[in-house]
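Trainee: Data: run_7.txt, compact mmCIF, C-alpha atoms (C1' of nucleotides).
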```txt
# COMPACT_ATOMS: atom_id res chain seq x y z
CA MET M 1 0.00 0.00 0.00
CA GLN M 2 2.66 2.41 1.09
CA ALA M 3 4.91 1.38 -1.79
CA HIS M 4 2.10 1.84 -4.27
CA ALA M 5 1.39 5.35 -3.02
CA THR M 6 5.08 6.21 -3.27
CA VAL M 7 5.25 5.06 -6.88
CA ARG M 8 2.17 7.09 -7.82
CA THR M 9 3.61 10.20 -6.24
CA THR M 10 6.86 9.73 -8.12
CA VAL M 11 5.13 9.28 -11.43
CA SER M 12 3.03 12.39 -11.01
CA LEU M 13 6.09 14.31 -9.93
CA GLU M 14 7.91 13.26 -13.06
CA SER M 15 5.08 14.41 -15.25
CA ALA M 16 5.34 17.71 -13.38
CA ALA M 17 9.09 17.89 -14.01
CA PRO M 18 8.89 20.96 -16.26
CA ILE M 19 6.97 22.86 -13.57
CA VAL M 20 9.39 21.78 -10.86
CA ARG M 21 12.33 22.93 -12.95
CA ARG M 22 10.77 26.24 -13.86
CA ARG M 23 9.73 27.15 -10.32
CA LEU M 24 12.97 25.99 -8.79
CA LEU M 25 15.21 27.82 -11.26
CA ARG M 26 13.12 30.98 -11.03
CA TRP M 27 13.41 30.89 -7.23
CA TYR M 28 17.15 30.20 -7.47
CA ASP M 29 17.71 33.12 -9.84
CA ARG M 30 16.10 35.40 -7.29
CA HIS M 31 17.31 34.01 -4.00
CA ARG M 32 20.65 32.34 -4.56
CA ARG M 33 23.40 33.44 -2.23
CA GLU M 34 26.40 35.17 -3.75
CA LEU M 35 29.28 32.86 -2.88
CA PRO M 36 32.91 33.31 -3.86
CA TRP M 37 32.99 30.00 -5.74
CA ARG M 38 29.84 30.81 -7.72
CA ARG M 39 31.21 32.61 -10.76
CA ASN M 40 29.88 33.19 -14.21
CA PRO M 41 31.17 31.28 -16.02
CA PRO M 42 31.97 28.75 -13.30
CA ASP M 43 35.61 28.42 -12.27
CA PRO M 44 36.49 24.70 -12.44
CA TYR M 45 39.24 24.82 -9.83
CA ALA M 46 37.29 27.00 -7.39
CA THR M 47 34.36 24.62 -7.77
CA LEU M 48 36.60 21.64 -7.05
CA VAL M 49 38.00 23.22 -3.90
CA SER M 50 34.61 24.38 -2.66
CA GLU M 51 33.00 20.99 -3.23
CA PHE M 52 35.68 19.24 -1.18
CA MET M 53 35.31 21.77 1.61
CA LEU M 54 31.52 21.54 1.51
CA GLN M 55 31.53 17.79 2.07
CA GLN M 56 30.03 17.44 5.55
CA THR M 57 30.48 21.14 6.22
CA GLN M 58 28.15 24.11 5.99
CA VAL M 59 28.68 27.11 3.74
CA LYS M 60 29.13 29.54 6.60
CA THR M 61 31.95 27.47 8.09
CA VAL M 62 33.66 26.98 4.75
CA LEU M 63 33.72 30.64 3.64
CA PRO M 64 36.81 31.94 5.49
CA TYR M 65 38.75 28.72 4.80
CA PHE M 66 37.93 28.91 1.11
CA GLU M 67 39.13 32.51 0.82
CA ARG M 68 42.40 31.81 2.59
CA PHE M 69 42.97 28.61 0.65
CA MET M 70 42.39 30.26 -2.73
CA ARG M 71 44.70 33.14 -1.89
CA ARG M 72 47.48 30.71 -1.04
CA PHE M 73 46.74 28.16 -3.81
CA PRO M 74 45.10 30.18 -6.60
CA THR M 75 45.50 27.53 -9.28
CA LEU M 76 45.26 23.77 -9.52
CA ARG M 77 48.92 23.56 -10.42
CA SER M 78 49.99 25.67 -7.46
CA LEU M 79 48.12 23.20 -5.23
CA ALA M 80 49.50 20.11 -6.97
CA SER M 81 53.08 21.32 -6.75
CA ALA M 82 52.82 22.10 -3.01
CA SER M 83 53.62 19.46 -0.42
CA ILE M 84 50.82 18.16 1.79
CA ASP M 85 52.49 19.79 4.77
CA ASP M 86 52.19 23.17 3.06
CA VAL M 87 48.50 22.55 2.39
CA LEU M 88 47.32 21.13 5.72
CA PRO M 89 47.79 24.40 7.65
CA PHE M 90 45.12 25.94 5.46
CA TRP M 91 42.71 23.20 6.40
CA ALA M 92 43.51 23.14 10.11
CA GLY M 93 40.31 23.67 12.11
CA LEU M 94 37.96 22.70 9.29
CA GLY M 95 37.82 19.04 10.30
CA TYR M 96 37.70 15.81 8.32
CA TYR M 97 41.34 16.19 7.38
CA ARG M 98 41.25 13.27 5.00
CA ARG M 99 39.41 15.62 2.63
CA CYS M 100 42.51 17.80 2.51
CA HIS M 101 44.75 14.84 1.69
CA HIS M 102 42.22 13.78 -0.97
CA LEU M 103 41.97 17.24 -2.52
CA HIS M 104 45.73 17.49 -2.77
CA ALA M 105 45.97 13.98 -4.23
CA ALA M 106 43.16 14.79 -6.68
CA ALA M 107 44.99 17.90 -7.86
CA CYS M 108 48.13 15.81 -8.42
CA ALA M 109 46.12 13.17 -10.27
CA ILE M 110 44.53 15.80 -12.50
CA VAL M 111 47.97 17.14 -13.41
CA ASP M 112 49.30 13.62 -14.02
CA ARG M 113 46.37 12.04 -15.79
CA HIS M 114 44.47 14.97 -17.34
CA GLN M 115 47.12 17.55 -18.26
CA GLY M 116 46.05 19.76 -15.38
CA ARG M 117 42.49 20.14 -16.61
CA ILE M 118 39.62 18.91 -14.46
CA PRO M 119 37.88 16.12 -16.41
CA LYS M 120 34.35 16.58 -17.66
CA ASP M 121 33.47 12.90 -17.67
CA VAL M 122 31.65 11.68 -14.54
CA GLU M 123 33.54 8.38 -14.53
CA ALA M 124 36.90 10.13 -14.73
CA LEU M 125 35.83 12.47 -11.93
CA ARG M 126 34.68 9.55 -9.78
CA ALA M 127 38.09 7.96 -10.19
CA LEU M 128 39.74 10.91 -8.42
CA PRO M 129 40.55 10.51 -4.73
CA GLY M 130 37.83 11.90 -2.48
CA VAL M 131 35.30 12.19 -5.30
CA GLY M 132 32.14 10.11 -4.84
CA ALA M 133 28.86 10.14 -6.71
CA TYR M 134 27.76 13.45 -5.28
CA THR M 135 30.96 15.42 -5.87
CA ALA M 136 31.36 14.01 -9.39
CA GLY M 137 27.80 15.02 -10.25
CA ALA M 138 28.21 18.46 -8.73
CA ILE M 139 31.39 19.25 -10.65
CA ALA M 140 30.18 17.79 -13.95
CA SER M 141 26.88 19.67 -13.81
CA ILE M 142 28.13 22.98 -12.41
CA VAL M 143 31.36 23.30 -14.37
CA PHE M 144 30.55 21.46 -17.61
CA ASN M 145 26.77 21.63 -17.84
CA VAL M 146 26.45 17.85 -17.92
CA ALA M 147 22.88 16.82 -17.11
CA VAL M 148 23.59 14.51 -14.16
CA PRO M 149 22.13 14.69 -10.63
CA ALA M 150 24.07 15.66 -7.52
CA VAL M 151 22.31 14.28 -4.48
CA ASP M 152 23.74 15.48 -1.19
CA GLY M 153 22.04 15.47 2.19
CA ASN M 154 20.04 18.59 1.42
CA VAL M 155 18.79 17.32 -1.94
CA CYS M 156 17.92 13.97 -0.42
CA ARG M 157 15.71 15.63 2.17
CA VAL M 158 14.00 17.93 -0.34
CA LEU M 159 13.21 15.12 -2.78
CA ALA M 160 12.02 12.73 -0.08
CA ARG M 161 9.58 15.34 1.18
CA LEU M 162 8.49 16.06 -2.37
CA ARG M 163 7.62 12.38 -2.66
CA GLY M 164 5.77 12.52 0.63
CA ASP M 165 8.33 10.25 2.22
CA ASP M 166 10.28 10.46 5.45
CA PRO M 167 13.83 11.53 4.50
CA LYS M 168 15.26 9.28 7.18
CA SER M 169 13.37 6.16 6.15
CA ALA M 170 15.53 3.26 5.08
CA GLY M 171 14.86 2.98 1.34
CA SER M 172 14.59 6.70 0.74
CA ARG M 173 18.01 7.26 -0.73
CA PRO M 174 17.84 5.26 -4.01
CA LEU M 175 14.36 6.59 -4.73
CA ASN M 176 15.66 10.12 -4.33
CA GLU M 177 18.56 9.38 -6.66
CA MET M 178 16.17 8.08 -9.31
CA LEU M 179 13.89 11.06 -9.00
CA ALA M 180 16.84 13.47 -9.16
CA ALA M 181 18.10 11.83 -12.35
CA ARG M 182 14.72 12.31 -14.00
CA LEU M 183 14.13 15.82 -12.76
CA VAL M 184 17.47 17.44 -13.50
CA ALA M 185 16.99 20.33 -15.91
CA PRO M 186 18.65 19.44 -19.23
CA ARG M 187 19.59 23.04 -20.10
CA ARG M 188 20.76 24.23 -16.68
CA PRO M 189 21.77 21.11 -14.72
CA GLY M 190 24.31 22.94 -12.57
CA ASP M 191 21.88 25.64 -11.53
CA PHE M 192 19.16 23.06 -11.01
CA ASN M 193 21.32 20.96 -8.69
CA GLN M 194 22.49 24.01 -6.80
CA ALA M 195 18.91 25.22 -6.56
CA LEU M 196 17.85 21.98 -4.87
CA MET M 197 20.77 22.27 -2.43
CA GLU M 198 20.06 25.93 -1.79
CA LEU M 199 16.42 25.11 -1.15
CA GLY M 200 17.43 22.43 1.33
CA ALA M 201 19.84 24.78 3.07
CA LEU M 202 17.61 27.87 3.22
CA ILE M 203 13.97 26.72 3.15
CA CYS M 204 13.53 22.96 3.38
CA THR M 205 15.67 22.62 6.49
CA PRO M 206 15.76 19.43 8.58
CA ARG M 207 13.78 20.57 11.62
CA SER M 208 11.82 23.68 10.73
CA PRO M 209 11.13 24.00 7.01
CA ASP M 210 9.75 27.36 5.90
CA CYS M 211 7.00 25.96 3.68
CA PRO M 212 5.21 29.27 3.01
CA ARG M 213 8.35 30.54 1.27
CA CYS M 214 8.93 27.37 -0.74
CA PRO M 215 8.61 27.62 -4.52
CA LEU M 216 7.48 23.99 -4.65
CA ARG M 217 4.85 24.14 -1.90
CA ALA M 218 1.95 23.65 -4.31
CA LEU M 219 3.45 20.32 -5.42
CA CYS M 220 4.64 19.11 -2.05
CA PRO M 221 2.65 16.53 -0.09
CA SER M 222 4.81 17.22 2.99
CA ARG M 223 4.10 20.95 3.17
CA ASP M 224 3.19 22.41 6.54
CA ARG M 225 3.86 19.11 8.26
CA THR M 226 6.51 20.45 10.60
CA ALA M 227 4.55 19.27 13.59
CA ALA M 228 4.84 15.71 12.33
CA LEU M 229 8.63 15.83 12.35
CA PRO M 230 10.15 13.42 14.83
CA ALA M 231 11.01 15.14 18.07
CA ARG M 232 14.56 15.57 19.11
CA ARG M 233 15.72 12.69 21.27
CA LYS M 234 16.12 13.57 24.90
CA THR M 235 17.64 10.53 26.52
CA PRO M 236 20.37 8.76 24.61
CA PRO M 237 19.12 5.29 23.59
CA SER M 238 22.55 4.43 22.30
CA GLU M 239 25.49 4.21 24.62
CA SER M 240 27.64 7.28 24.80
CA PRO M 241 30.83 7.34 22.74
CA ARG M 242 33.87 5.49 23.98
CA THR M 243 35.85 7.56 26.42
CA LEU M 244 39.59 7.97 26.07
CA HIS M 245 41.88 9.34 28.76
CA VAL M 246 45.10 10.94 27.70
CA VAL M 247 47.94 12.84 29.30
CA ALA M 248 49.45 15.53 27.08
CA LEU M 249 52.87 16.95 27.77
CA ALA M 250 53.84 20.47 26.71
CA ILE M 251 57.61 20.68 26.69
CA LEU M 252 58.62 24.34 26.88
CA ARG M 253 62.05 25.45 25.71
CA LYS M 254 62.38 29.22 26.03
CA GLU M 255 59.41 30.53 24.03
CA GLN M 256 58.94 27.32 22.09
CA THR M 257 56.90 24.18 22.58
CA PHE M 258 57.43 20.72 21.13
CA LEU M 259 54.90 19.14 18.75
CA VAL M 260 54.75 15.76 17.04
CA ARG M 261 53.13 14.94 13.73
CA ARG M 262 50.26 12.48 13.56
CA PRO M 263 50.21 9.67 11.00
CA ASP M 264 48.81 10.39 7.53
CA ARG M 265 45.78 8.20 8.19
CA GLY M 266 43.15 8.09 10.88
CA LEU M 267 42.28 10.70 13.44
CA TRP M 268 43.63 14.22 12.72
CA ALA M 269 45.68 12.80 9.87
CA GLY M 270 48.88 14.73 9.27
CA LEU M 271 48.17 17.36 11.90
CA TYR M 272 50.38 18.19 14.86
CA MET M 273 49.78 17.67 18.55
CA TRP M 274 51.51 17.71 21.90
CA PRO M 275 53.03 14.33 22.80
CA THR M 276 50.53 12.18 24.68
CA ALA M 277 50.22 8.98 26.62
CA GLU M 278 46.93 7.16 26.94
CA CYS M 279 45.95 5.99 30.40
CA LEU M 280 43.18 4.25 32.32
CA PRO M 281 40.34 6.36 33.76
CA HIS M 282 41.62 6.09 37.32
CA ALA M 283 45.32 6.22 36.59
CA ASP M 284 47.52 8.59 38.57
CA ARG M 285 47.96 11.37 36.02
CA ASP M 286 51.01 12.84 37.73
CA ALA M 287 52.74 9.46 37.44
CA VAL M 288 51.74 9.01 33.80
CA ALA M 289 52.99 12.49 32.98
CA LEU M 290 56.26 11.87 34.77
CA ASN M 291 56.66 8.59 32.92
CA LEU M 292 56.03 10.26 29.58
CA CYS M 293 58.46 13.01 30.47
CA ARG M 294 61.20 10.53 31.39
CA ARG M 295 60.69 8.66 28.14
CA LEU M 296 60.90 11.81 25.99
CA LEU M 297 63.52 13.61 28.05
CA PRO M 298 65.65 11.10 29.95
CA ARG M 299 67.91 13.84 31.30
CA ALA M 300 65.31 16.40 32.32
CA ALA M 301 65.41 17.38 35.96
CA ALA M 302 62.16 19.35 36.17
CA LEU M 303 58.85 17.74 37.11
CA PRO M 304 55.84 18.17 34.83
CA ARG M 305 53.18 20.38 36.36
CA HIS M 306 49.43 20.00 35.80
CA ALA M 307 48.12 22.88 33.67
CA GLY M 308 44.50 21.95 33.18
CA HIS M 309 41.95 19.60 31.66
CA VAL M 310 40.35 19.59 28.21
CA ARG M 311 37.40 17.51 27.02
CA HIS M 312 36.87 16.99 23.30
CA VAL M 313 34.00 15.07 21.69
CA LEU M 314 34.29 13.31 18.34
CA THR M 315 31.79 11.12 16.57
CA HIS M 316 32.56 7.89 18.32
CA ARG M 317 34.67 8.90 21.24
CA THR M 318 35.24 11.48 23.89
CA VAL M 319 38.83 12.38 24.68
CA HIS M 320 39.85 13.71 28.07
CA PHE M 321 43.20 15.48 28.02
CA ASP M 322 45.10 16.20 31.21
CA VAL M 323 47.63 18.81 30.20
CA TYR M 324 51.07 18.98 31.81
CA VAL M 325 53.87 21.46 31.35
CA VAL M 326 57.59 20.94 31.80
CA ARG M 327 60.35 23.47 31.21
CA VAL M 328 63.62 22.30 29.70
CA SER M 329 66.99 23.91 29.02
CA VAL M 330 67.97 25.36 25.67
CA GLY M 331 69.97 22.32 24.64
CA ALA M 332 67.29 19.74 25.45
CA ARG M 333 66.33 17.39 22.63
CA PRO M 334 63.41 14.95 22.96
CA THR M 335 64.00 11.32 22.00
CA ILE M 336 61.28 11.41 19.33
CA THR M 337 61.08 13.49 16.17
CA GLY M 338 58.89 16.56 16.13
CA ARG M 339 58.91 20.31 15.66
CA TRP M 340 59.40 23.29 17.92
CA ARG M 341 56.74 25.92 17.63
CA LEU M 342 56.10 29.31 19.21
CA PRO M 343 53.34 29.00 21.84
CA THR M 344 50.77 31.17 20.09
CA SER M 345 52.13 31.87 16.65
CA PRO M 346 49.53 33.87 14.72
CA GLY M 347 50.04 31.74 11.63
CA THR M 348 48.60 28.26 11.34
CA ASP M 349 51.86 26.42 10.87
CA PRO M 350 52.22 23.71 11.93
CA PRO M 351 48.54 22.76 11.63
CA LEU M 352 46.57 22.03 14.81
CA SER M 353 43.13 20.46 15.10
CA THR M 354 40.42 22.18 17.08
CA ALA M 355 41.11 19.80 19.95
CA GLN M 356 44.75 20.86 20.05
CA ARG M 357 43.72 24.50 19.96
CA LYS M 358 41.76 23.86 23.12
CA LEU M 359 44.96 22.54 24.68
CA GLU M 360 46.74 25.63 23.43
CA ALA M 361 44.17 27.85 25.13
CA CYS M 362 44.63 25.82 28.29
CA LEU M 363 48.40 26.37 28.16
CA VAL M 364 48.03 30.08 27.53
CA SER M 365 45.72 30.60 30.49
CA HIS M 366 48.01 28.51 32.67
CA ALA M 367 51.05 30.52 31.63
CA SER M 368 49.35 33.81 32.40
CA ALA M 369 48.04 32.59 35.74
C1' DT J 1 25.07 19.90 28.04
C1' DT J 2 23.59 16.88 24.43
C1' DC J 3 22.06 16.16 19.80
C1' DC J 4 22.35 16.57 15.08
C1' DA J 5 23.90 17.26 10.24
C1' DG J 6 26.87 16.05 6.73
C1' DG J 7 30.15 12.52 1.79
C1' DC J 8 33.66 9.41 1.11
C1' DT J 9 36.78 5.51 1.97
C1' DG J 10 38.53 0.79 2.97
C1' DC Q 1 29.29 -0.55 7.89
C1' DA Q 2 32.61 2.05 10.96
C1' DG Q 3 35.39 5.96 11.11
C1' DC Q 4 36.15 10.73 10.44
C1' DC Q 5 35.42 16.35 13.01
C1' DT Q 6 33.20 20.63 13.93
C1' DG Q 7 29.65 24.23 14.62
C1' DG Q 8 25.22 25.25 15.74
C1' DA Q 9 20.57 24.11 17.48
C1' DA Q 10 17.73 22.53 21.13
```
Using structure tokens, write down the structure that the file contains.
Mentor:
Amino acid sequence: MQAHATVRTTVSLESAAPIVRRRLLRWYDRHRRELPWRRNPPDPYATLVSEFMLQQTQVKTVLPYFERFMRRFPTLRSLASASIDDVLPFWAGLGYYRRCHHLHAAACAIVDRHQGRIPKDVEALRALPGVGAYTAGAIASIVFNVAVPAVDGNVCRVLARLRGDDPKSAGSRPLNEMLAARLVAPRRPGDFNQALMELGALICTPRSPDCPRCPLRALCPSRDRTAALPARRKTPPSESPRTLHVVALAILRKEQTFLVRRPDRGLWAGLYMWPTAECLPHADRDAVALNLCRRLLPRAAALPRHAGHVRHVLTHRTVHFDVYVVRVSVGARPTITGRWRLPTSPGTDPPLSTAQRKLEACLVSHASA
DNA sequence: TTCCAGGCTG
DNA sequence: CAGCCTGGAA
């Protein structure tokens, strides 16, 4: 019964495709936000950079990072010829650092495999690191006017509601992809895809859609159904994320502090952090810090002093940092490789994650206290 | 304070 | 399917 109704809705929507396109594009022409990567004609490289940054990240957050990034790496070749360590500082704080590694690798691949020109073909785009179905569709349609869909989270929600379906229901995704493929405007695919995303971001929002302002309200079976949206969960049905306890050691040498580089994969890939030692929840932190200190600086006489505590939450874990400080003499050299950095250098080099910036703030307030 | 949103990879 | 990160909303 439910399936039958869904099919009927889809069919009628497809017969209304010309109306959907017209209303959506008309609305987009009037209400689209002016964004630095939206140029006329579209800039292929700026589009590539923006699409990587916009994966899992909202426009407002991306804006300052995009501007800085484009000033430093204005062309695809300038990005490809830089080393990853020159690029990461411009991503530090934006999160999902694998995207930065992928973007850099994609730029290199485009230089190697496509003579430095971003490919038009969806398959060739998909073969680039960090480019999935959505990003390939977005670039092909926006930059090259190829009539393919680009279904991100926003579009998925808009189309599901347009079908009268719950966006979070299990089978929603493939149905939305099919509908998107049939709806996409053949003459203006890039604008059409961006219009759907813009609608999802500005009007058809997850929790409080502004149906009266929606250009598709007359066609939408979900209009004015905000009250039916599932309420926000109050008590966590799932267990809370795994908790990690860590002692971080800030080694201070004159005005400098010692940082180590994280591996190129996994958490905070390629970013820098203060040396740490994991410990059990009830471990004696002073002892763990002293142990870490002895391991890194066998000849240090000073004792590490507790500087504060930082809690940082990630998707699947919560990290508790106990921050310790130890001063060393000018000649001191830790037993592991790393880099010395000024305590609060205004630049972003070497790159620190948001978690490490919390530690930095902790150190600064401890130093001034 | 907790919850939620948001693409791609191995 | 788990892992990845942060900002903003509730």
Trainee: Taking only C-alpha atoms (C1' of nucleotides) into account, report as a list in words which residues of chain J lie within 8 Å of chain M.
Mentor: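 The complete set of qualifying residues is DC3, DA5, DG6, DG7, DC8 and DT9 of chain J.
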Trainee: Hey, list the chain Q side of the contact with chain M: 7 Å cut-off, all atoms listed in the file, answer as an MDAnalysis selection string.
Mentor: chainID Q and resid 4:6
Trainee: For a test of reading the model, state the distance in Å between atom CA of M:Leu363 and atom CA of M:Ala307, rounded to one decimal.
Mentor: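 The value is 6.5 Å.
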Trainee: Quick one: pull the distance between atom CA of M:Arg33 and atom CA of M:Leu199, Å, one decimal.
Mentor: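 Separation of atom CA of M:Arg33 and atom CA of M:Leu199: 10.9 Å.
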Trainee: Draw an axis-aligned box over all listed atoms of chain J, pad each side with 5 Å, and write its centre and edge lengths in Å, one decimal, as lines of an AutoDock Vina configuration file.
Mentor:
```
center_x = 30.3
center_y = 10.3
center_z = 14.6
size_x = 26.5
size_y = 29.1
size_z = 36.9
```
Trainee: What is the distance between atom CA of M:Asp264 and atom CA of M:Met70, in Å to one decimal?
Mentor: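 So the answer is 23.3 Å.
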Trainee: Give as a VMD selection string each residue that has an atom at most 8 Å from (12.7, 12.5, -12.1) in the file, counting only C-alpha atoms (C1' of nucleotides).
Mentor: chain M and resid 10 13 to 14 17 178 to 184
Trainee: At a cut-off of 7 Å, using only C-alpha atoms (C1' of nucleotides), what residues contact M:Phe258? Leave out same-chain residues fewer than 2 positions from it and give the result as a PyMOL selection string.
Mentor: chain M and resi 250-252+256+260+274+338-341
